[in-house]
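Listing of model-v8.txt, compact mmCIF, C-alpha atoms
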# COMPACT_ATOMS: atom_id res chain seq x y z
CA MET A 1 0.00 0.00 0.00
CA ALA A 2 1.27 3.45 -0.81
CA GLY A 3 -0.03 6.46 1.06
CA PRO A 4 1.06 10.01 1.76
CA SER A 5 4.52 10.63 3.10
CA ALA A 6 4.84 10.29 6.87
CA ASP A 7 6.07 13.87 7.17
CA VAL A 8 2.84 15.49 5.95
CA ALA A 9 -0.61 15.99 7.41
CA VAL A 10 -3.39 14.13 5.60
CA THR A 11 -6.33 16.32 4.57
CA LEU A 12 -9.80 15.05 5.56
CA VAL A 13 -11.72 18.15 4.48
CA ARG A 14 -10.58 21.61 3.45
CA ASP A 15 -9.70 22.84 6.94
CA VAL A 16 -9.13 19.63 8.94
CA GLU A 17 -5.96 17.54 8.74
CA TRP A 18 -4.90 14.26 10.31
CA ILE A 19 -1.43 14.02 11.82
CA ALA A 20 -1.01 10.24 11.87
CA GLU A 21 1.46 8.81 14.35
CA CYS A 22 1.70 5.16 15.31
CA TYR A 23 3.89 2.62 17.03
CA PRO A 24 4.51 -1.11 16.44
CA VAL A 25 2.46 -3.80 18.20
CA GLU A 26 4.16 -7.07 17.25
CA ASP A 27 3.79 -7.27 13.43
CA ARG A 28 1.21 -4.47 13.16
CA HIS A 29 0.92 -0.80 14.08
CA LEU A 30 -1.44 1.22 16.30
CA HIS A 31 -2.24 4.89 15.77
CA VAL A 32 -1.95 7.51 18.51
CA SER A 33 -2.84 10.48 16.33
CA LEU A 34 -4.10 14.04 16.57
CA TYR A 35 -6.12 16.32 14.31
CA LEU A 36 -5.47 19.91 13.24
CA ILE A 37 -8.43 22.22 12.63
CA ARG A 38 -7.96 25.61 10.99
CA ALA A 39 -10.61 27.68 12.77
CA ALA A 40 -11.44 31.32 12.10
CA GLY A 41 -9.52 32.44 15.19
CA GLY A 42 -6.50 30.17 14.90
CA ASN A 43 -5.30 26.59 14.89
CA VAL A 44 -7.04 24.01 17.09
CA VAL A 45 -5.79 20.49 17.75
CA VAL A 46 -7.80 17.56 19.09
CA ASP A 47 -5.56 15.72 21.57
CA SER A 48 -1.80 16.17 21.81
CA GLY A 49 -0.56 12.76 20.72
CA SER A 50 1.86 10.55 22.62
CA PHE A 51 5.08 11.84 24.19
CA TYR A 52 6.70 8.91 22.35
CA HIS A 53 6.28 11.00 19.15
CA ARG A 54 6.82 14.43 20.71
CA GLU A 55 9.59 15.71 18.45
CA SER A 56 7.89 14.48 15.29
CA ILE A 57 4.51 15.93 16.27
CA GLU A 58 5.90 19.35 17.13
CA ALA A 59 7.90 19.47 13.89
CA ARG A 60 4.85 18.47 11.85
CA LEU A 61 2.61 21.01 13.58
CA ILE A 62 5.15 23.74 12.91
CA ALA A 63 5.31 22.72 9.24
CA ALA A 64 1.53 22.35 8.87
CA THR A 65 0.86 25.77 10.43
CA ALA A 66 3.71 27.57 8.65
CA GLY A 67 5.38 28.21 11.99
CA LEU A 68 2.32 29.65 13.74
CA GLY A 69 1.76 26.65 15.99
CA ILE A 70 -1.49 26.09 17.83
CA GLN A 71 -3.82 28.46 19.66
CA ALA A 72 -6.19 25.93 21.27
CA LEU A 73 -6.34 22.25 22.19
CA ILE A 74 -9.40 20.08 22.91
CA LEU A 75 -9.00 16.82 24.82
CA SER A 76 -10.97 13.64 24.25
CA HIS A 77 -9.65 12.50 27.65
CA SER A 78 -6.55 13.01 29.74
CA ASP A 79 -4.67 9.70 29.48
CA TYR A 80 -1.01 10.19 28.58
CA PRO A 81 -1.39 9.08 24.91
CA HIS A 82 -3.89 11.95 24.57
CA SER A 83 -2.55 14.66 26.88
CA GLY A 84 1.11 13.79 27.37
CA ASN A 85 2.49 16.54 25.13
CA ILE A 86 0.57 19.45 26.67
CA PRO A 87 3.49 20.67 28.86
CA SER A 88 5.82 20.64 25.87
CA PHE A 89 3.25 22.39 23.67
CA ARG A 90 2.81 25.10 26.32
CA THR A 91 6.57 25.61 26.41
CA GLU A 92 6.63 25.90 22.60
CA TRP A 93 3.47 28.00 22.06
CA GLY A 94 2.62 29.64 25.39
CA ASP A 95 -0.62 29.59 27.38
CA PHE A 96 -3.01 28.65 24.59
CA GLU A 97 -6.59 27.66 25.40
CA ILE A 98 -7.15 24.08 26.57
CA VAL A 99 -10.61 22.53 26.76
CA ALA A 100 -10.77 19.57 29.15
CA SER A 101 -12.96 16.54 28.54
CA CYS A 102 -15.03 16.90 31.72
CA ALA A 103 -16.66 19.49 33.97
CA ASP A 104 -13.87 19.31 36.56
CA ALA A 105 -10.59 19.96 34.78
CA GLY A 106 -8.71 19.99 38.08
CA ILE A 107 -9.13 16.24 38.58
CA GLN A 108 -7.43 15.74 35.22
CA GLY A 109 -4.41 17.70 36.42
CA LEU A 110 -5.39 20.66 34.21
CA PRO A 111 -6.54 23.39 36.63
CA TYR A 112 -5.89 26.03 33.96
CA ALA A 113 -8.16 24.33 31.38
CA ARG A 114 -11.66 25.32 30.34
CA ARG A 115 -14.24 22.73 31.34
CA SER A 116 -16.74 21.03 29.08
CA ARG A 117 -20.00 19.24 29.84
CA ILE A 118 -21.55 16.33 27.99
CA GLY A 119 -24.26 17.59 25.65
CA GLU A 120 -23.13 21.20 25.46
CA THR A 121 -21.71 23.14 22.54
CA LEU A 122 -18.73 25.45 23.07
CA GLU A 123 -17.16 28.02 20.80
CA VAL A 124 -13.40 27.59 20.45
CA LEU A 125 -11.60 30.20 18.35
CA GLY A 126 -14.83 30.97 16.50
CA ARG A 127 -15.69 27.30 15.82
CA GLN A 128 -18.61 25.37 17.34
CA PHE A 129 -17.85 22.01 18.98
CA THR A 130 -20.42 19.73 20.62
CA PHE A 131 -19.29 17.39 23.40
CA LEU A 132 -20.97 13.98 23.22
CA ASP A 133 -21.40 11.08 25.63
CA PRO A 134 -19.29 8.31 24.03
CA PRO A 135 -20.85 4.85 23.67
CA LEU A 136 -17.34 3.35 23.29
CA ALA A 137 -14.73 4.59 25.77
CA ASP A 138 -12.16 3.26 28.20
CA ARG A 139 -12.38 6.06 30.79
CA SER A 140 -15.34 7.77 32.45
CA HIS A 141 -13.99 11.26 31.71
CA THR A 142 -13.98 10.72 27.94
CA THR A 143 -15.96 12.77 25.43
CA TRP A 144 -16.43 12.55 21.68
CA ILE A 145 -16.09 15.90 19.93
CA TYR A 146 -18.30 16.90 17.02
CA ASP A 147 -17.08 19.76 14.84
CA ARG A 148 -20.32 21.25 13.56
CA GLU A 149 -18.69 23.03 10.60
CA SER A 150 -16.79 20.11 9.08
CA ARG A 151 -19.21 17.46 10.41
CA ILE A 152 -16.27 15.43 11.68
CA MET A 153 -16.67 13.41 14.88
CA PHE A 154 -13.43 12.92 16.80
CA VAL A 155 -13.64 9.70 18.82
CA ALA A 156 -11.68 7.79 21.47
CA ASP A 157 -11.11 5.06 22.24
CA GLY A 158 -13.67 3.24 20.09
CA PHE A 159 -13.56 3.04 16.28
CA GLY A 160 -9.89 2.16 16.37
CA ASN A 161 -8.03 -0.56 14.54
CA TYR A 162 -4.61 -2.07 14.22
CA HIS A 163 -3.12 -1.71 10.75
CA GLU A 164 -0.38 -3.05 8.54
CA PRO A 165 2.87 -1.04 8.46
CA GLY A 166 2.07 0.25 4.97
CA ALA A 167 -1.35 1.61 5.97
CA CYS A 168 -0.27 4.23 8.50
CA HIS A 169 -1.55 7.22 6.51
CA LEU A 170 -4.46 5.72 4.58
CA LEU A 171 -8.10 6.78 4.80
CA SER A 172 -10.95 4.25 4.83
CA PRO A 173 -11.59 4.30 1.04
CA GLU A 174 -8.07 2.88 0.61
CA LEU A 175 -8.61 0.02 3.09
CA GLY A 176 -10.72 -3.12 2.93
CA GLY A 177 -10.87 -6.89 2.98
CA GLU A 178 -11.04 -9.45 5.73
CA ALA A 179 -7.84 -8.10 7.28
CA ARG A 180 -9.85 -4.97 8.10
CA THR A 181 -12.38 -7.01 10.10
CA ARG A 182 -9.58 -8.75 12.01
CA GLU A 183 -7.88 -5.42 12.79
CA ILE A 184 -11.13 -3.91 14.12
CA HIS A 185 -11.90 -7.00 16.21
CA ASP A 186 -8.43 -7.28 17.72
CA PHE A 187 -8.24 -3.61 18.66
CA HIS A 188 -11.62 -3.53 20.44
CA ARG A 189 -10.94 -6.88 22.15
CA ASP A 190 -7.69 -5.48 23.57
CA ALA A 191 -8.71 -1.87 24.29
CA LEU A 192 -12.29 -2.17 25.58
CA LYS A 193 -12.45 -5.26 27.77
CA TRP A 194 -16.05 -4.59 28.82
CA LEU A 195 -17.35 -5.22 25.28
CA ARG A 196 -17.54 -8.94 26.10
CA PHE A 197 -20.66 -8.11 28.15
CA VAL A 198 -22.39 -5.96 25.49
CA ASP A 199 -25.36 -6.81 23.29
CA PRO A 200 -23.92 -6.14 19.80
CA SER A 201 -27.27 -5.15 18.27
CA LYS A 202 -28.03 -2.63 21.05
CA MET A 203 -24.55 -1.15 20.73
CA SER A 204 -24.97 -0.82 16.97
CA ALA A 205 -28.42 0.80 17.35
CA THR A 206 -27.00 3.32 19.84
CA LEU A 207 -24.18 4.26 17.49
CA ARG A 208 -26.48 4.57 14.48
CA ARG A 209 -28.80 6.90 16.43
CA LEU A 210 -25.81 9.04 17.36
CA PHE A 211 -24.84 9.41 13.71
CA GLU A 212 -28.41 10.16 12.68
CA GLU A 213 -28.44 13.02 15.19
CA HIS A 214 -24.93 14.17 14.18
CA PRO A 215 -24.35 13.43 10.47
CA VAL A 216 -20.67 13.01 9.70
CA SER A 217 -18.32 13.59 6.82
CA TYR A 218 -15.71 11.56 8.71
CA VAL A 219 -15.35 9.64 11.94
CA ALA A 220 -11.86 10.54 13.13
CA PRO A 221 -10.49 8.07 15.71
CA ILE A 222 -7.38 8.71 17.75
CA HIS A 223 -6.39 5.03 17.45
CA GLY A 224 -7.36 4.20 13.88
CA ASN A 225 -7.64 5.22 10.25
CA PRO A 226 -10.30 7.92 9.62
CA ILE A 227 -13.60 6.57 8.31
CA ALA A 228 -15.33 8.46 5.48
CA ALA A 229 -19.12 8.79 5.59
CA GLU A 230 -19.57 6.42 2.64
CA ASP A 231 -17.65 3.70 4.54
CA LEU A 232 -19.32 4.17 7.92
CA ASP A 233 -22.09 1.64 7.42
CA ASP A 234 -19.55 -0.99 6.39
CA TYR A 235 -17.40 -0.19 9.45
CA LEU A 236 -20.42 -0.39 11.79
CA GLY A 237 -21.28 -3.81 10.39
CA ARG A 238 -17.74 -5.05 10.92
CA LEU A 239 -17.72 -3.58 14.44
CA GLU A 240 -21.01 -5.27 15.36
CA ASP A 241 -19.68 -8.61 14.08
CA SER A 242 -16.47 -8.04 16.04
CA VAL A 243 -18.31 -7.36 19.31
CA ALA A 244 -20.43 -10.49 18.81
CA ARG A 245 -17.25 -12.49 18.30
CA ILE A 246 -15.62 -10.93 21.39
CA ALA A 247 -18.60 -12.09 23.49
CA ARG A 248 -18.41 -15.61 22.03
CA GLU A 249 -14.68 -15.81 22.74
CA TYR A 250 -15.01 -14.81 26.38
CA VAL A 251 -14.73 -17.75 28.76
CA VAL A 252 -16.19 -17.21 32.24
CA PRO A 253 -13.58 -18.17 34.86
CA THR A 254 -14.55 -21.07 37.08
CA ALA A 255 -13.72 -21.47 40.76
CA GLY A 256 -11.05 -23.95 41.75
Rewrite the coordinates I just gave you, this time as structure tokens.
Amino acid sequence: MAGPSADVAVTLVRDVEWIAECYPVEDRHLHVSLYLIRAAGGNVVVDSGSFYHRESIEARLIAATAGLGIQALILSHSDYPHSGNIPSFRTEWGDFEIVASCADAGIQGLPYARRSRIGETLEVLGRQFTFLDPPLADRSHTTWIYDRESRIMFVADGFGNYHEPGACHLLSPELGGEARTREIHDFHRDALKWLRFVDPSKMSATLRRLFEEHPVSYVAPIHGNPIAAEDLDDYLGRLEDSVARIAREYVVPTAG
């Protein structure tokens, strides 16, 4: 597979770009990415990426913004793969606005951050973002972020996937096949242990309602390849099948 060079940001829509970073997991890779949004009042990023990629991320943000850097950051949640570069970013670009993923930013170690509440819409640098209750998450303080202008939904930690080394910078129209189903299954099995107890059809119905209420141009996961609107139904089908398989594979421990 041949995709864009690793030193560029991948354009999703006119003013939103994907900065794809990943690290090896045995013979595959896993994304820990971030997204750059060119808002009216400046540059916004969703998540800060992993400190493992700090130098690369900062260099790519400087290149993508022609040296201007970022003026705001919105967190999906505060785990280190999502928030670990904030101190370095603040050293590089000063006290830019940070929007935390919950109503009490202090408990996330971000007392200087602006709080968000599930269900509300906030203006960040002239852009409207809605903070959603995520049906697929690994932490209680997680939110999914819906950019009302681009109709992109930024999600963590669900909608991820492992990927082959050559697929690091590919969008969903360039992916496919049974390997895709395996990559979706394996990621959700490993990242969201509680899915073994979920009714796959109810999960799928909840997700489909969410997308009916918030139509998307892309679903933009932190831990996977972005999913274009025309591929979303296919992804949801593969995800539902994966969750059903995860439940079947789970063996209840027995005493003794």
Can you tell me which residues surround Ser101 in chain A at a distance of at most 12 Å, considering only C-alpha atoms, apart from same-chain residues fewer than 4 positions away, and format the answer as a PyMOL selection string? chain A and resi 46-47+73-79+82-83+105-110+113-120+122+130-134+139-145+155-156
Just write the chosen residues, C-alpha atoms, as a PDB file, in the frame of the given file.
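And here's result.pdb as it stands now:
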ATOM      1  CA  VAL A  46      -7.800  17.560  19.090  1.00  0.00           C
ATOM      2  CA  ASP A  47      -5.560  15.720  21.570  1.00  0.00           C
ATOM      3  CA  LEU A  73      -6.340  22.250  22.190  1.00  0.00           C
ATOM      4  CA  ILE A  74      -9.400  20.080  22.910  1.00  0.00           C
ATOM      5  CA  LEU A  75      -9.000  16.820  24.820  1.00  0.00           C
ATOM      6  CA  SER A  76     -10.970  13.640  24.250  1.00  0.00           C
ATOM      7  CA  HIS A  77      -9.650  12.500  27.650  1.00  0.00           C
ATOM      8  CA  SER A  78      -6.550  13.010  29.740  1.00  0.00           C
ATOM      9  CA  ASP A  79      -4.670   9.700  29.480  1.00  0.00           C
ATOM     10  CA  HIS A  82      -3.890  11.950  24.570  1.00  0.00           C
ATOM     11  CA  SER A  83      -2.550  14.660  26.880  1.00  0.00           C
ATOM     12  CA  ALA A 105     -10.590  19.960  34.780  1.00  0.00           C
ATOM     13  CA  GLY A 106      -8.710  19.990  38.080  1.00  0.00           C
ATOM     14  CA  ILE A 107      -9.130  16.240  38.580  1.00  0.00           C
ATOM     15  CA  GLN A 108      -7.430  15.740  35.220  1.00  0.00           C
ATOM     16  CA  GLY A 109      -4.410  17.700  36.420  1.00  0.00           C
ATOM     17  CA  LEU A 110      -5.390  20.660  34.210  1.00  0.00           C
ATOM     18  CA  ALA A 113      -8.160  24.330  31.380  1.00  0.00           C
ATOM     19  CA  ARG A 114     -11.660  25.320  30.340  1.00  0.00           C
ATOM     20  CA  ARG A 115     -14.240  22.730  31.340  1.00  0.00           C
ATOM     21  CA  SER A 116     -16.740  21.030  29.080  1.00  0.00           C
ATOM     22  CA  ARG A 117     -20.000  19.240  29.840  1.00  0.00           C
ATOM     23  CA  ILE A 118     -21.550  16.330  27.990  1.00  0.00           C
ATOM     24  CA  GLY A 119     -24.260  17.590  25.650  1.00  0.00           C
ATOM     25  CA  GLU A 120     -23.130  21.200  25.460  1.00  0.00           C
ATOM     26  CA  LEU A 122     -18.730  25.450  23.070  1.00  0.00           C
ATOM     27  CA  THR A 130     -20.420  19.730  20.620  1.00  0.00           C
ATOM     28  CA  PHE A 131     -19.290  17.390  23.400  1.00  0.00           C
ATOM     29  CA  LEU A 132     -20.970  13.980  23.220  1.00  0.00           C
ATOM     30  CA  ASP A 133     -21.400  11.080  25.630  1.00  0.00           C
ATOM     31  CA  PRO A 134     -19.290   8.310  24.030  1.00  0.00           C
ATOM     32  CA  ARG A 139     -12.380   6.060  30.790  1.00  0.00           C
ATOM     33  CA  SER A 140     -15.340   7.770  32.450  1.00  0.00           C
ATOM     34  CA  HIS A 141     -13.990  11.260  31.710  1.00  0.00           C
ATOM     35  CA  THR A 142     -13.980  10.720  27.940  1.00  0.00           C
ATOM     36  CA  THR A 143     -15.960  12.770  25.430  1.00  0.00           C
ATOM     37  CA  TRP A 144     -16.430  12.550  21.680  1.00  0.00           C
ATOM     38  CA  ILE A 145     -16.090  15.900  19.930  1.00  0.00           C
ATOM     39  CA  VAL A 155     -13.640   9.700  18.820  1.00  0.00           C
ATOM     40  CA  ALA A 156     -11.680   7.790  21.470  1.00  0.00           C
TER      41      ALA A 156
END
So what do you get for CA of Pro200 in chain A versus CA of Asp138 in chain A, distance-wise? 17.2 Å
Write out, as JSON lines, each residue of range 78-186 of chain A that has an atom at most 12 Å from range 61-64 of chain A, together with the closest pair of atoms and their distance in Å to one decimal, counting only C-alpha atoms, rows going by chain and rising number.
{"residue": "A:Phe89", "atom": "CA", "partner": "A:Leu61", "partner_atom": "CA", "distance": 10.2}
{"residue": "A:Glu92", "atom": "CA", "partner": "A:Ile62", "partner_atom": "CA", "distance": 10.0}
{"residue": "A:Trp93", "atom": "CA", "partner": "A:Ile62", "partner_atom": "CA", "distance": 10.2}
Compile the contact shell of range 159-171 of chain A as a list in words: residues with an atom at most 6 Å away, counting all atoms listed in the file, same-chain residues fewer than 4 positions apart removed. Met1, Gly3, Arg28, His29, Leu30, Glu183, Ile184, Phe187, Pro221, His223, Gly224, Asn225 and Pro226 of chain A
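Among the candidate residues A:Leu195, A:Ala40, A:Ile152, A:Val243, the one lying nearest to Tyr218 in chain A is A:Ile152, with distances computed using only C-alpha atoms.
The closest residue to Arg151 in chain A, picked from A:Pro135, A:Pro215, A:Pro111, A:Pro173 and counting only C-alpha atoms, is A:Pro215.
Between CA of Ala9 in chain A and CA of Ser150 in chain A the interatomic distance comes to 16.8 Å.
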